[in-house]
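Engineer: Please see the structure below; I have some questions.
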Amino acid sequence: MKTGLKITAFAAAVAATFGTAYGVGKGVDPIAAGEQKTAGHAAGGHAETGRTEEAQDGHAGHGASDTAAAAVPGGLQISERGHTLDLRTRRIAAAGERTELSFAITKDGTGRKVTAYRTKHGKQLHLIVASRDLTVYRHLHPARAADGTWKTPVELPKAGGYRVFADFAPQAEKEGLTLGADLSVTGKYAPRDLPAASRTAAAGDGYEVRLGGALGAGSASELTLSVAKNGKPVTDLQPYLGAYGHLVALRSGDLAYLHVHPNRGGPGPEVSFTATAPSNGTYRLFLDFKHDGTVRTAEFTVHAGQSAGDHPQGHGH
């Protein structure tokens, strides 16, 4: 059953920021418990489906201002509209070790911590951590203390530079924000090449996701992702954070960020997204989906202006 899911309210922001990737994910969610997780993403979700929240608050996805005037892609700035991402943990001592990541969102240059947030897609804040070479990806849901300090455990498998994205909506603000800051993991760094483009990506335990459509630069285009298990279409996807699929894109080079959610629809095997890349170039897509109580992630490399997965080789986790 095809689910035509379109992202509408974020159209202008998408044009300013496309960049997702929901692939090699490994998330730790200290708020939501009781769900399994794969090696790649944390569990945690809620019962609502589609874009109910987006329709209510005027947002179709995270990652950038929803106004046409937005000039800077989401996640490229540490401060915006009077808010600053104060990343307390800027260096991790050893790769592969579980450690605590701490940060706060401060207001108006005073250092005052923000403590009031609107809930979007089941959480008050989504935290994305990605390596600069886009081969490591984590989607985390940290816990907030009463004083406004956020904390979450994280384990990053290799040394090198990372980018941290805080995706949130302050209670007093009409629009959401995505702020970014740099994080480093000490040790010997060996960067990896970006995986080649492909139409298919494995998601473990016999799951495979096929990517169809094309990513247009400067114009809206539809990407369709179809989930199968052991060669058979999955027609009973479960809602995860209010949707049957979550798509994040990160633009290779500067890691411009966009977090996209589909409209109402489902429950599979196809989940589609309408998106616009701001420029020609290479992007990493990370799709999260939930089935049989487990959240899984599939990742793709795509080139804006070409058919999705033009190349025969690919990568998925």
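FYI, nothing fancy with the structure tokens labels: chains A, B, ... in order, residues from 1 per chain, ligands from 1 as they appear.
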Taking only C-alpha atoms into account, produce a table as JSON lines in which each residue of region 218-261 of chain A with an atom at most 7 Å from an atom of region 188-212 of chain A appears once, together with its shortest atom pair and the distance in Å to one decimal, ordered by chain and rising number.

Structural biologist:
```
{"residue": "A:Leu223", "atom": "CA", "partner": "A:Gly212", "partner_atom": "CA", "distance": 5.8}
{"residue": "A:Thr224", "atom": "CA", "partner": "A:Gly212", "partner_atom": "CA", "distance": 5.0}
{"residue": "A:Leu225", "atom": "CA", "partner": "A:Leu211", "partner_atom": "CA", "distance": 4.7}
{"residue": "A:Ser226", "atom": "CA", "partner": "A:Arg210", "partner_atom": "CA", "distance": 5.1}
{"residue": "A:Val227", "atom": "CA", "partner": "A:Val209", "partner_atom": "CA", "distance": 4.6}
{"residue": "A:Ala228", "atom": "CA", "partner": "A:Glu208", "partner_atom": "CA", "distance": 5.4}
{"residue": "A:Lys229", "atom": "CA", "partner": "A:Tyr207", "partner_atom": "CA", "distance": 4.3}
{"residue": "A:Asn230", "atom": "CA", "partner": "A:Gly206", "partner_atom": "CA", "distance": 5.0}
```

Engineer: Near Gln124 (chain A), within 10 Å and counting only C-alpha atoms, which residues show up once chain neighbours fewer than 6 positions away are dropped, as number ranges by chain?

Structural biologist: A: 116-118, 141-144, 167-171

Engineer: Which residues of region 136-213 of chain A come within 10 Å of region 248-257 of chain A, and what is each one's closest atom pair and distance in Å (one decimal), counting only C-alpha atoms, sorted by chain and residue number, as JSON lines?

Structural biologist:
```
{"residue": "A:His139", "atom": "CA", "partner": "A:Val248", "partner_atom": "CA", "distance": 9.8}
{"residue": "A:Arg163", "atom": "CA", "partner": "A:Leu255", "partner_atom": "CA", "distance": 7.9}
{"residue": "A:Phe165", "atom": "CA", "partner": "A:Tyr257", "partner_atom": "CA", "distance": 8.1}
{"residue": "A:Asp167", "atom": "CA", "partner": "A:Tyr257", "partner_atom": "CA", "distance": 9.7}
{"residue": "A:Thr178", "atom": "CA", "partner": "A:Tyr257", "partner_atom": "CA", "distance": 8.0}
{"residue": "A:Leu179", "atom": "CA", "partner": "A:Tyr257", "partner_atom": "CA", "distance": 9.5}
{"residue": "A:Gly180", "atom": "CA", "partner": "A:Tyr257", "partner_atom": "CA", "distance": 9.2}
{"residue": "A:Leu194", "atom": "CA", "partner": "A:Ser252", "partner_atom": "CA", "distance": 8.6}
```

Engineer: Give me the residues near Gly109 (chain A) as a PyMOL selection string, where near means some atom within 12 Å (using only C-alpha atoms) and where sequence neighbours in that chain fewer than 2 positions away do not count.

Structural biologist: chain A and resi 79-86+105-107+111-114

Engineer: Can you write out the residues you just picked, keeping C-alpha atoms, as a CSV table (one decimal), in the first residue's frame?

Structural biologist:
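Saved to part_14.csv:
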```
chain,number,residue,atom,x,y,z
A,79,SER,CA,23.6,31.1,17.9
A,80,GLU,CA,20.4,32.3,16.2
A,81,ARG,CA,17.4,34.5,17.2
A,82,GLY,CA,18.9,35.2,20.6
A,83,HIS,CA,19.4,31.5,21.4
A,84,THR,CA,22.8,29.8,21.8
A,85,LEU,CA,23.8,26.2,22.0
A,86,ASP,CA,26.2,26.0,25.1
A,105,ILE,CA,20.3,26.3,25.4
A,106,THR,CA,20.9,29.9,26.7
A,107,LYS,CA,19.0,33.1,25.9
A,111,GLY,CA,23.8,32.8,30.0
A,112,ARG,CA,20.2,32.3,31.3
A,113,LYS,CA,19.2,28.7,30.5
A,114,VAL,CA,15.9,28.1,28.6
```

Engineer: Between A:Tyr162, A:Asp182, A:Arg284, A:Pro278, which one has atoms that come closest to Pro73 (chain A), using only C-alpha atoms?

Structural biologist: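 With only C-alpha atoms as the atom set, the closest residue is A:Pro278.
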
Engineer: A:Thr89, A:Ser221, A:Thr152, A:Thr274: which is nearest Leu183 (chain A), counting only C-alpha atoms?

Structural biologist: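 Between A:Thr89, A:Ser221, A:Thr152, A:Thr274, the residue approaching Leu183 (chain A) most closely is A:Thr89.
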